[in-house]
Amino acid sequence: MSENTHKAGFVNIIGKPNVGKSTLMNALLGEKLSIISSKAQTTRHRILGIMNEPEYQIVFSDTPGMLKPKYELHKSMMGFVNLSLEDADVIVFVTDLFENDEEIEDIIKKINAADVPVLLIINKIDLNKEEKLAEVTQYWTEKINADIVIPISALEGFNLQKILQEILDRLPVHPPFYDKEELSDRPERFFASEIVREKIFIQYKKEIPYSTEVRIEDFEETENLIRMRAVIFVERDSQKGIIIGDKGKALKRVGTQARIEMEKFFGKKVFLETFVKVEDNWRKNKNKLRKFGYDQ
Ligand code: GDP
Ligand code: K
Ligand code: MG
């Protein structure tokens, strides 16, 4: 590697909820950093995923879906999205065959006003053959000033190399921003809490996932084992009962599935204890949100 040809920069992945932003970032990195579920608003934070090669360093950030804020937590989530428009070298705007621009007209204006190249990604083309793609492409190219449109399937890995190449073509020559060993800027316990949250998003219905926050306590790592305690916060007593379930079965299943996934992620044995606590209306309270790390 030569000092004066190394490329590095920030690539921010944005778009509406559920279009596949997190799936795309994980697929590009070949590493599951961002949690995924079929429910909107699974991703609440901005999550960095760093791709390191001798010739370049791409710092991806996955963001919460763009939406109209309905409560304080949403405001914080949209803060992450707005921030990600300001510091990008390349914007990867993701949509799919089914979305439209409803509710995000303002953000689209900001994207078009930002002096940053935009790759317009149309995801989930595995779900439909050709017909719809032309129509969807025309719809979005009228809305967004994009450099290029790339149809992909994040799930099947189709056209991901194309995205990578288009990013590299637009990345500035710059020394690395992060240590070239780093995969993310988040500590291990953050990923542990996200894995627990993913299992909750997958397992429970209606308001339960949205009312839940997870904190990892007493994270202790030795050569062969990681021990930790996951505290699951809900907003009301009735939700606590639902999380725990009949004879504790529901909570036990969350614990088991989270443990299995953590063992894959960390590459060692994990000993995980789970607890449930009530934190009244945490989603609407600024101080409580700050305590949970939503301080944008
Ligand atoms: P995000 O909210 O934009 O981060 O979306 P996720 O990555 O969490 O994905 C939302 C849902 O779409 C999940 O059920 C994914 O499995 C699914 N999904 C993501 N990419 C694709 C794709 O290329 N094809 C299909 N069929 N489903 C996808
Ligand atoms: K999702
Ligand atoms: Mg996501």
# chains A, B, ... in the order shown; residues from 1 in each chain; ligands from 1
call {"tool": "select_by_dssp", "arguments": {"residues": "stretch 27-174 of chain A", "states": "alpha helix (DSSP H)", "output": "NGL selection string"}}
result
:A and (27-29 or 72-86 or 105-113 or 131-143 or 160-170)
call {"tool": "residues_near_ligand", "arguments": {"ligand": "ligand 1", "cutoff": "9 Å", "atoms": "only C-alpha atoms and all ligand atoms", "output": "number ranges by chain"}}
result
A: 14-26, 34-43, 62-65, 94-96, 122-127, 152-158
call {"tool": "write_last_selection", "arguments": {"atoms": "C-alpha atoms", "output": "CSV table (one decimal), in the first residue's frame"}}
result
chain,number,residue,atom,x,y,z
A,14,ILE,CA,-30.2,5.6,4.6
A,15,GLY,CA,-33.8,4.9,3.6
A,16,LYS,CA,-37.3,4.1,4.9
A,17,PRO,CA,-37.8,1.4,7.5
A,18,ASN,CA,-37.6,-2.3,6.4
A,19,VAL,CA,-36.2,-1.7,2.9
A,20,GLY,CA,-33.1,-3.8,3.9
A,21,LYS,CA,-30.5,-1.3,5.0
A,22,SER,CA,-29.2,-3.5,7.8
A,23,THR,CA,-29.2,-6.6,5.6
A,24,LEU,CA,-27.2,-4.7,3.0
A,25,MET,CA,-24.6,-3.4,5.4
A,26,ASN,CA,-24.1,-6.9,6.9
A,34,SER,CA,-26.6,-4.8,12.5
A,35,ILE,CA,-29.7,-6.6,13.8
A,36,ILE,CA,-32.5,-7.5,11.4
A,37,SER,CA,-36.1,-8.2,11.7
A,38,SER,CA,-39.2,-8.0,9.6
A,39,LYS,CA,-40.5,-5.2,11.8
A,40,ALA,CA,-39.9,-1.5,11.2
A,41,GLN,CA,-37.6,0.4,13.5
A,42,THR,CA,-35.5,-2.5,14.5
A,43,THR,CA,-32.4,-0.4,14.2
A,62,ASP,CA,-26.3,1.9,9.1
A,63,THR,CA,-29.1,4.1,10.3
A,64,PRO,CA,-32.6,3.8,11.7
A,65,GLY,CA,-35.3,4.1,9.0
A,94,VAL,CA,-31.9,2.2,-0.2
A,95,THR,CA,-35.4,1.6,-1.3
A,96,ASP,CA,-37.2,-1.5,-2.5
A,122,ILE,CA,-33.4,-0.7,-5.3
A,123,ASN,CA,-33.4,-3.8,-3.1
A,124,LYS,CA,-35.4,-7.0,-3.0
A,125,ILE,CA,-35.4,-7.6,-6.7
A,126,ASP,CA,-35.4,-11.3,-5.9
A,127,LEU,CA,-39.1,-10.9,-5.2
A,152,ILE,CA,-29.8,-5.5,-5.9
A,153,SER,CA,-30.8,-8.3,-3.7
A,154,ALA,CA,-29.1,-7.9,-0.3
A,155,LEU,CA,-30.6,-11.2,0.8
A,156,GLU,CA,-29.1,-13.2,-2.2
A,157,GLY,CA,-26.0,-11.0,-2.5
A,158,PHE,CA,-26.8,-9.9,-6.1
call {"tool": "select_by_dssp", "arguments": {"residues": "stretch 77-192 of chain A", "states": "strand (DSSP E)", "output": "list in words"}}
result
Val90, Ile91, Val92, Phe93, Val94, Thr95, Asp96, Val118, Leu119, Leu120, Ile121, Ile122, Asn123, Ile148, Val149, Ile150 and Pro151 of chain A
call {"tool": "residues_around", "arguments": {"residues": "A:Leu225", "least_positions_apart": "3", "cutoff": "7 Å", "atoms": "only C-alpha atoms", "output": "list in words"}}
result
Glu221, Thr222, Lys268, Lys269 and Val270 of chain A
call {"tool": "closest_residue", "arguments": {"among": "A:Phe265, A:Tyr178, A:Phe201, A:Phe271", "to": "A:Asp218", "atoms": "only C-alpha atoms"}}
result
A:Phe271
call {"tool": "atom_distance", "arguments": {"atom1": "atom CA of A:Pro151", "atom2": "atom CA of A:Val92"}}
result
12.3 Å
call {"tool": "residues_around", "arguments": {"residues": "A:Thr274", "least_positions_apart": "6", "cutoff": "8 Å", "atoms": "only C-alpha atoms", "output": "JSON, numbers by chain"}}
result
{"A": [229, 230, 231, 232, 251, 255]}
call {"tool": "write_last_selection", "arguments": {"atoms": "N, CA and C atoms", "output": "CSV table (one decimal), in the first residue's frame"}}
result
chain,number,residue,atom,x,y,z
A,229,ARG,N,-24.9,-10.3,32.1
A,229,ARG,CA,-26.3,-10.3,32.5
A,229,ARG,C,-27.0,-9.3,31.6
A,230,ALA,N,-28.1,-9.7,31.0
A,230,ALA,CA,-28.9,-8.8,30.1
A,230,ALA,C,-30.1,-8.4,30.9
A,231,VAL,N,-30.3,-7.1,31.1
A,231,VAL,CA,-31.5,-6.5,31.8
A,231,VAL,C,-32.4,-6.0,30.7
A,232,ILE,N,-33.6,-6.5,30.6
A,232,ILE,CA,-34.6,-6.1,29.6
A,232,ILE,C,-35.5,-5.1,30.3
A,251,LEU,N,-39.2,-15.9,28.0
A,251,LEU,CA,-37.9,-15.3,28.3
A,251,LEU,C,-36.8,-16.3,28.1
A,255,GLY,N,-33.4,-15.9,25.8
A,255,GLY,CA,-32.1,-16.2,26.3
A,255,GLY,C,-31.3,-17.2,25.5
call {"tool": "closest_residue", "arguments": {"among": "A:Ile202, A:Ile121, A:Val149, A:Leu164", "to": "ligand 2", "atoms": "only C-alpha atoms and all ligand atoms"}}
result
A:Ile202
call {"tool": "closest_residue", "arguments": {"among": "A:Val118, A:Ile148, A:Ile243, A:Leu289", "to": "A:Glu207", "atoms": "only C-alpha atoms"}}
result
A:Ile243
call {"tool": "closest_residue", "arguments": {"among": "A:Asn52, A:Thr5, A:Thr256, A:Asn12", "to": "A:Glu182", "atoms": "only C-alpha atoms"}}
result
A:Asn52
call {"tool": "residues_around", "arguments": {"residues": "A:Asp147", "least_positions_apart": "2", "cutoff": "12 Å", "atoms": "only C-alpha atoms", "output": "list in words"}}
result
Val90, Ile91, Val92, Phe93, Asn112, Asp115, Val116, Pro117, Val118, Leu119, Leu120, Ile121, Thr141, Ile144, Asn145, Val149, Ile150, Ile163, Glu166, Ile167, Asp169 and Arg170 of chain A
call {"tool": "write_last_selection", "arguments": {"atoms": "N, CA and C atoms", "output": "short mmCIF file (atom, residue, chain, number, x, y, z; two decimals), in the first residue's frame"}}
result
data_model
loop_
_atom_site.label_atom_id
_atom_site.label_comp_id
_atom_site.auth_asym_id
_atom_site.auth_seq_id
_atom_site.Cartn_x
_atom_site.Cartn_y
_atom_site.Cartn_z
N VAL A 90 -20.20 9.43 0.54
CA VAL A 90 -21.15 8.84 -0.40
C VAL A 90 -22.42 8.50 0.38
N ILE A 91 -23.58 8.79 -0.20
CA ILE A 91 -24.83 8.37 0.42
C ILE A 91 -25.37 7.17 -0.37
N VAL A 92 -25.68 6.11 0.36
CA VAL A 92 -26.33 4.96 -0.26
C VAL A 92 -27.79 5.03 0.15
N PHE A 93 -28.63 5.46 -0.76
CA PHE A 93 -30.06 5.56 -0.47
C PHE A 93 -30.71 4.26 -0.90
N ASN A 112 -31.08 15.80 -1.61
CA ASN A 112 -30.81 16.45 -2.89
C ASN A 112 -30.02 17.74 -2.72
N ASP A 115 -24.31 18.18 -0.84
CA ASP A 115 -23.41 18.09 -1.99
C ASP A 115 -22.61 16.79 -1.91
N VAL A 116 -23.32 15.68 -1.95
CA VAL A 116 -22.69 14.37 -1.76
C VAL A 116 -23.25 13.43 -2.83
N PRO A 117 -22.40 12.64 -3.46
CA PRO A 117 -22.92 11.69 -4.47
C PRO A 117 -23.85 10.65 -3.85
N VAL A 118 -24.92 10.36 -4.58
CA VAL A 118 -25.92 9.42 -4.07
C VAL A 118 -25.98 8.19 -4.98
N LEU A 119 -25.87 7.01 -4.38
CA LEU A 119 -26.15 5.77 -5.11
C LEU A 119 -27.57 5.36 -4.74
N LEU A 120 -28.40 5.21 -5.74
CA LEU A 120 -29.79 4.82 -5.50
C LEU A 120 -29.91 3.31 -5.65
N ILE A 121 -30.20 2.65 -4.54
CA ILE A 121 -30.22 1.19 -4.52
C ILE A 121 -31.66 0.71 -4.45
N THR A 141 -35.97 7.87 -9.69
CA THR A 141 -35.01 8.77 -10.33
C THR A 141 -35.63 10.17 -10.51
N ILE A 144 -35.02 11.55 -6.63
CA ILE A 144 -33.68 11.67 -6.05
C ILE A 144 -32.65 11.95 -7.13
N ASN A 145 -31.81 12.93 -6.87
CA ASN A 145 -30.69 13.21 -7.79
C ASN A 145 -29.57 12.21 -7.57
N VAL A 149 -28.25 4.21 -10.54
CA VAL A 149 -29.26 3.33 -9.93
C VAL A 149 -28.75 1.91 -9.98
N ILE A 150 -28.78 1.21 -8.85
CA ILE A 150 -28.31 -0.18 -8.84
C ILE A 150 -29.37 -1.09 -8.22
N ILE A 163 -22.00 -2.27 -6.15
CA ILE A 163 -22.10 -1.17 -5.17
C ILE A 163 -20.70 -0.81 -4.66
N GLU A 166 -18.70 1.14 -7.20
CA GLU A 166 -19.18 2.51 -7.35
C GLU A 166 -18.78 3.36 -6.15
N ILE A 167 -18.76 2.76 -4.98
CA ILE A 167 -18.31 3.49 -3.78
C ILE A 167 -16.82 3.82 -3.91
N ASP A 169 -15.00 4.14 -6.47
CA ASP A 169 -14.76 5.17 -7.49
C ASP A 169 -14.97 6.59 -6.94
N ARG A 170 -15.76 6.69 -5.86
CA ARG A 170 -16.09 8.02 -5.32
C ARG A 170 -15.40 8.32 -3.99
#
call {"tool": "atom_distance", "arguments": {"atom1": "atom CA of A:His174", "atom2": "atom CA of A:Gln57"}}
result
9.0 Å
call {"tool": "residues_around", "arguments": {"residues": "A:Lys277", "least_positions_apart": "2", "cutoff": "8 Å", "atoms": "only C-alpha atoms", "output": "PDB file with N, CA and C atoms, in the first residue's frame"}}
result
ATOM      1  N   VAL A 231     -30.270  -7.062  31.094  1.00  0.00           N
ATOM      2  CA  VAL A 231     -31.462  -6.543  31.763  1.00  0.00           C
ATOM      3  C   VAL A 231     -32.385  -5.979  30.687  1.00  0.00           C
ATOM      4  N   ILE A 232     -33.585  -6.538  30.637  1.00  0.00           N
ATOM      5  CA  ILE A 232     -34.565  -6.127  29.628  1.00  0.00           C
ATOM      6  C   ILE A 232     -35.542  -5.147  30.294  1.00  0.00           C
ATOM      7  N   PHE A 233     -35.563  -3.914  29.791  1.00  0.00           N
ATOM      8  CA  PHE A 233     -36.469  -2.914  30.356  1.00  0.00           C
ATOM      9  C   PHE A 233     -37.729  -2.819  29.521  1.00  0.00           C
ATOM     10  N   VAL A 234     -38.876  -2.783  30.206  1.00  0.00           N
ATOM     11  CA  VAL A 234     -40.139  -2.541  29.517  1.00  0.00           C
ATOM     12  C   VAL A 234     -40.807  -1.347  30.174  1.00  0.00           C
ATOM     13  N   LYS A 240     -44.006  -6.763  31.316  1.00  0.00           N
ATOM     14  CA  LYS A 240     -43.036  -7.641  31.967  1.00  0.00           C
ATOM     15  C   LYS A 240     -43.552  -9.081  31.961  1.00  0.00           C
ATOM     16  N   PHE A 275     -32.795 -10.734  32.978  1.00  0.00           N
ATOM     17  CA  PHE A 275     -33.711 -10.164  33.964  1.00  0.00           C
ATOM     18  C   PHE A 275     -34.659  -9.195  33.263  1.00  0.00           C
ATOM     19  N   GLU A 279     -39.329   0.214  33.537  1.00  0.00           N
ATOM     20  CA  GLU A 279     -38.828   1.594  33.583  1.00  0.00           C
ATOM     21  C   GLU A 279     -39.932   2.440  32.942  1.00  0.00           C
TER      22      GLU A 279
END
call {"tool": "residues_around", "arguments": {"residues": "stretch 71-73 of chain A", "least_positions_apart": "4", "cutoff": "12 Å", "atoms": "only C-alpha atoms", "output": "list in words"}}
result
Gln41, Thr43, Arg44, His45, Pro64, Leu67, Met77, Met78, Gly79, Phe80, Tyr210, Ser211, Thr212, Glu213, Asn281, Trp282, Arg283, Lys284, Asn285, Lys286, Asn287, Lys288, Leu289, Arg290, Phe292, Gly293, Tyr294, Asp295 and Gln296 of chain A
call {"tool": "atom_distance", "arguments": {"atom1": "atom CA of A:Gly267", "atom2": "atom CA of A:Ala192"}}
result
12.6 Å
call {"tool": "decode", "arguments": {"residues": "stretch 113-161 of chain A", "atoms": "N, CA and C atoms", "output": "JSON list (two decimals), in the first residue's frame"}}
result
[["chain", "number", "residue", "atom", "x", "y", "z"],
["A", 113, "ALA", "N", -30.17, 18.37, -1.55],
["A", 113, "ALA", "CA", -29.45, 19.62, -1.31],
["A", 113, "ALA", "C", -28.02, 19.36, -0.85],
["A", 114, "ALA", "N", -27.79, 18.19, -0.25],
["A", 114, "ALA", "CA", -26.45, 17.87, 0.24],
["A", 114, "ALA", "C", -25.53, 17.67, -0.96],
["A", 115, "ASP", "N", -24.31, 18.18, -0.84],
["A", 115, "ASP", "CA", -23.41, 18.09, -1.99],
["A", 115, "ASP", "C", -22.61, 16.79, -1.91],
["A", 116, "VAL", "N", -23.32, 15.68, -1.95],
["A", 116, "VAL", "CA", -22.69, 14.37, -1.76],
["A", 116, "VAL", "C", -23.25, 13.43, -2.83],
["A", 117, "PRO", "N", -22.40, 12.64, -3.46],
["A", 117, "PRO", "CA", -22.92, 11.69, -4.47],
["A", 117, "PRO", "C", -23.85, 10.65, -3.85],
["A", 118, "VAL", "N", -24.92, 10.36, -4.58],
["A", 118, "VAL", "CA", -25.92, 9.42, -4.07],
["A", 118, "VAL", "C", -25.98, 8.19, -4.98],
["A", 119, "LEU", "N", -25.87, 7.01, -4.38],
["A", 119, "LEU", "CA", -26.15, 5.77, -5.11],
["A", 119, "LEU", "C", -27.57, 5.36, -4.74],
["A", 120, "LEU", "N", -28.40, 5.21, -5.74],
["A", 120, "LEU", "CA", -29.79, 4.82, -5.50],
["A", 120, "LEU", "C", -29.91, 3.31, -5.65],
["A", 121, "ILE", "N", -30.20, 2.65, -4.54],
["A", 121, "ILE", "CA", -30.22, 1.19, -4.52],
["A", 121, "ILE", "C", -31.66, 0.71, -4.45],
["A", 122, "ILE", "N", -32.04, -0.13, -5.38],
["A", 122, "ILE", "CA", -33.37, -0.73, -5.34],
["A", 122, "ILE", "C", -33.22, -2.19, -4.95],
["A", 123, "ASN", "N", -33.66, -2.47, -3.73],
["A", 123, "ASN", "CA", -33.41, -3.78, -3.13],
["A", 123, "ASN", "C", -34.60, -4.73, -3.32],
["A", 124, "LYS", "N", -34.36, -5.97, -3.01],
["A", 124, "LYS", "CA", -35.37, -7.05, -2.99],
["A", 124, "LYS", "C", -35.84, -7.43, -4.39],
["A", 125, "ILE", "N", -34.96, -7.27, -5.38],
["A", 125, "ILE", "CA", -35.42, -7.60, -6.72],
["A", 125, "ILE", "C", -35.60, -9.11, -6.89],
["A", 126, "ASP", "N", -35.15, -9.89, -5.89],
["A", 126, "ASP", "CA", -35.44, -11.34, -5.93],
["A", 126, "ASP", "C", -36.94, -11.61, -5.83],
["A", 127, "LEU", "N", -37.71, -10.62, -5.35],
["A", 127, "LEU", "CA", -39.14, -10.86, -5.16],
["A", 127, "LEU", "C", -39.97, -10.60, -6.41],
["A", 128, "ASN", "N", -39.35, -10.05, -7.42],
["A", 128, "ASN", "CA", -40.12, -9.73, -8.62],
["A", 128, "ASN", "C", -39.21, -9.76, -9.82],
["A", 129, "LYS", "N", -39.69, -10.26, -10.89],
["A", 129, "LYS", "CA", -38.87, -10.33, -12.09],
["A", 129, "LYS", "C", -39.16, -9.12, -12.97],
["A", 130, "GLU", "N", -38.11, -8.41, -13.26],
["A", 130, "GLU", "CA", -38.11, -7.32, -14.24],
["A", 130, "GLU", "C", -39.28, -6.32, -14.23],
["A", 131, "GLU", "N", -40.54, -6.80, -14.44],
["A", 131, "GLU", "CA", -41.64, -5.87, -14.76],
["A", 131, "GLU", "C", -41.64, -4.62, -13.90],
["A", 132, "LYS", "N", -41.60, -4.85, -12.59],
["A", 132, "LYS", "CA", -41.79, -3.74, -11.68],
["A", 132, "LYS", "C", -40.56, -2.82, -11.63],
["A", 133, "LEU", "N", -39.41, -3.37, -11.91],
["A", 133, "LEU", "CA", -38.17, -2.62, -11.71],
["A", 133, "LEU", "C", -38.12, -1.34, -12.53],
["A", 134, "ALA", "N", -38.56, -1.40, -13.78],
["A", 134, "ALA", "CA", -38.50, -0.22, -14.65],
["A", 134, "ALA", "C", -39.36, 0.90, -14.09],
["A", 135, "GLU", "N", -40.55, 0.52, -13.63],
["A", 135, "GLU", "CA", -41.49, 1.50, -13.08],
["A", 135, "GLU", "C", -40.94, 2.14, -11.80],
["A", 136, "VAL", "N", -40.39, 1.29, -10.92],
["A", 136, "VAL", "CA", -39.84, 1.76, -9.65],
["A", 136, "VAL", "C", -38.61, 2.65, -9.89],
["A", 137, "THR", "N", -37.81, 2.24, -10.85],
["A", 137, "THR", "CA", -36.61, 3.02, -11.17],
["A", 137, "THR", "C", -37.00, 4.42, -11.65],
["A", 138, "GLN", "N", -38.00, 4.48, -12.49],
["A", 138, "GLN", "CA", -38.43, 5.78, -12.99],
["A", 138, "GLN", "C", -38.99, 6.66, -11.86],
["A", 139, "TYR", "N", -39.78, 6.04, -11.01],
["A", 139, "TYR", "CA", -40.37, 6.76, -9.87],
["A", 139, "TYR", "C", -39.27, 7.42, -9.02],
["A", 140, "TRP", "N", -38.27, 6.64, -8.66],
["A", 140, "TRP", "CA", -37.24, 7.16, -7.74],
["A", 140, "TRP", "C", -36.26, 8.10, -8.42],
["A", 141, "THR", "N", -35.97, 7.87, -9.69],
["A", 141, "THR", "CA", -35.01, 8.77, -10.33],
["A", 141, "THR", "C", -35.63, 10.17, -10.51],
["A", 142, "GLU", "N", -36.96, 10.23, -10.49],
["A", 142, "GLU", "CA", -37.60, 11.56, -10.53],
["A", 142, "GLU", "C", -37.54, 12.26, -9.18],
["A", 143, "LYS", "N", -37.38, 11.49, -8.11],
["A", 143, "LYS", "CA", -37.37, 12.07, -6.75],
["A", 143, "LYS", "C", -35.96, 12.43, -6.31],
["A", 144, "ILE", "N", -35.02, 11.55, -6.63],
["A", 144, "ILE", "CA", -33.68, 11.67, -6.05],
["A", 144, "ILE", "C", -32.65, 11.95, -7.13],
["A", 145, "ASN", "N", -31.81, 12.93, -6.87],
["A", 145, "ASN", "CA", -30.69, 13.21, -7.79],
["A", 145, "ASN", "C", -29.57, 12.21, -7.57],
["A", 146, "ALA", "N", -29.68, 11.07, -8.21],
["A", 146, "ALA", "CA", -28.70, 10.03, -7.96],
["A", 146, "ALA", "C", -27.66, 9.99, -9.08],
["A", 147, "ASP", "N", -26.43, 9.59, -8.72],
["A", 147, "ASP", "CA", -25.39, 9.37, -9.73],
["A", 147, "ASP", "C", -25.71, 8.15, -10.57],
["A", 148, "ILE", "N", -26.28, 7.13, -9.91],
["A", 148, "ILE", "CA", -26.47, 5.84, -10.57],
["A", 148, "ILE", "C", -27.55, 5.06, -9.82],
["A", 149, "VAL", "N", -28.25, 4.21, -10.54],
["A", 149, "VAL", "CA", -29.26, 3.33, -9.93],
["A", 149, "VAL", "C", -28.75, 1.91, -9.98],
["A", 150, "ILE", "N", -28.78, 1.21, -8.85],
["A", 150, "ILE", "CA", -28.31, -0.18, -8.84],
["A", 150, "ILE", "C", -29.37, -1.09, -8.22],
["A", 151, "PRO", "N", -29.97, -1.95, -9.05],
["A", 151, "PRO", "CA", -30.91, -2.93, -8.49],
["A", 151, "PRO", "C", -30.13, -4.05, -7.81],
["A", 152, "ILE", "N", -30.56, -4.45, -6.63],
["A", 152, "ILE", "CA", -29.82, -5.49, -5.91],
["A", 152, "ILE", "C", -30.77, -6.45, -5.20],
["A", 153, "SER", "N", -30.20, -7.55, -4.71],
["A", 153, "SER", "CA", -30.84, -8.35, -3.68],
["A", 153, "SER", "C", -29.83, -8.51, -2.56],
["A", 154, "ALA", "N", -30.06, -7.80, -1.46],
["A", 154, "ALA", "CA", -29.14, -7.90, -0.32],
["A", 154, "ALA", "C", -29.18, -9.31, 0.24],
["A", 155, "LEU", "N", -30.37, -9.89, 0.19],
["A", 155, "LEU", "CA", -30.56, -11.23, 0.75],
["A", 155, "LEU", "C", -29.78, -12.28, -0.04],
["A", 156, "GLU", "N", -29.81, -12.17, -1.36],
["A", 156, "GLU", "CA", -29.13, -13.17, -2.19],
["A", 156, "GLU", "C", -27.74, -12.73, -2.63],
["A", 157, "GLY", "N", -27.34, -11.53, -2.22],
["A", 157, "GLY", "CA", -25.99, -11.05, -2.55],
["A", 157, "GLY", "C", -25.83, -10.60, -3.99],
["A", 158, "PHE", "N", -26.93, -10.30, -4.66],
["A", 158, "PHE", "CA", -26.85, -9.90, -6.07],
["A", 158, "PHE", "C", -26.47, -8.44, -6.23],
["A", 159, "ASN", "N", -25.42, -8.18, -7.03],
["A", 159, "ASN", "CA", -24.94, -6.83, -7.38],
["A", 159, "ASN", "C", -24.23, -6.08, -6.26],
["A", 160, "LEU", "N", -23.80, -6.78, -5.25],
["A", 160, "LEU", "CA", -23.11, -6.09, -4.15],
["A", 160, "LEU", "C", -21.72, -5.62, -4.56],
["A", 161, "GLN", "N", -21.06, -6.40, -5.43],
["A", 161, "GLN", "CA", -19.74, -5.98, -5.92],
["A", 161, "GLN", "C", -19.83, -4.68, -6.71]]
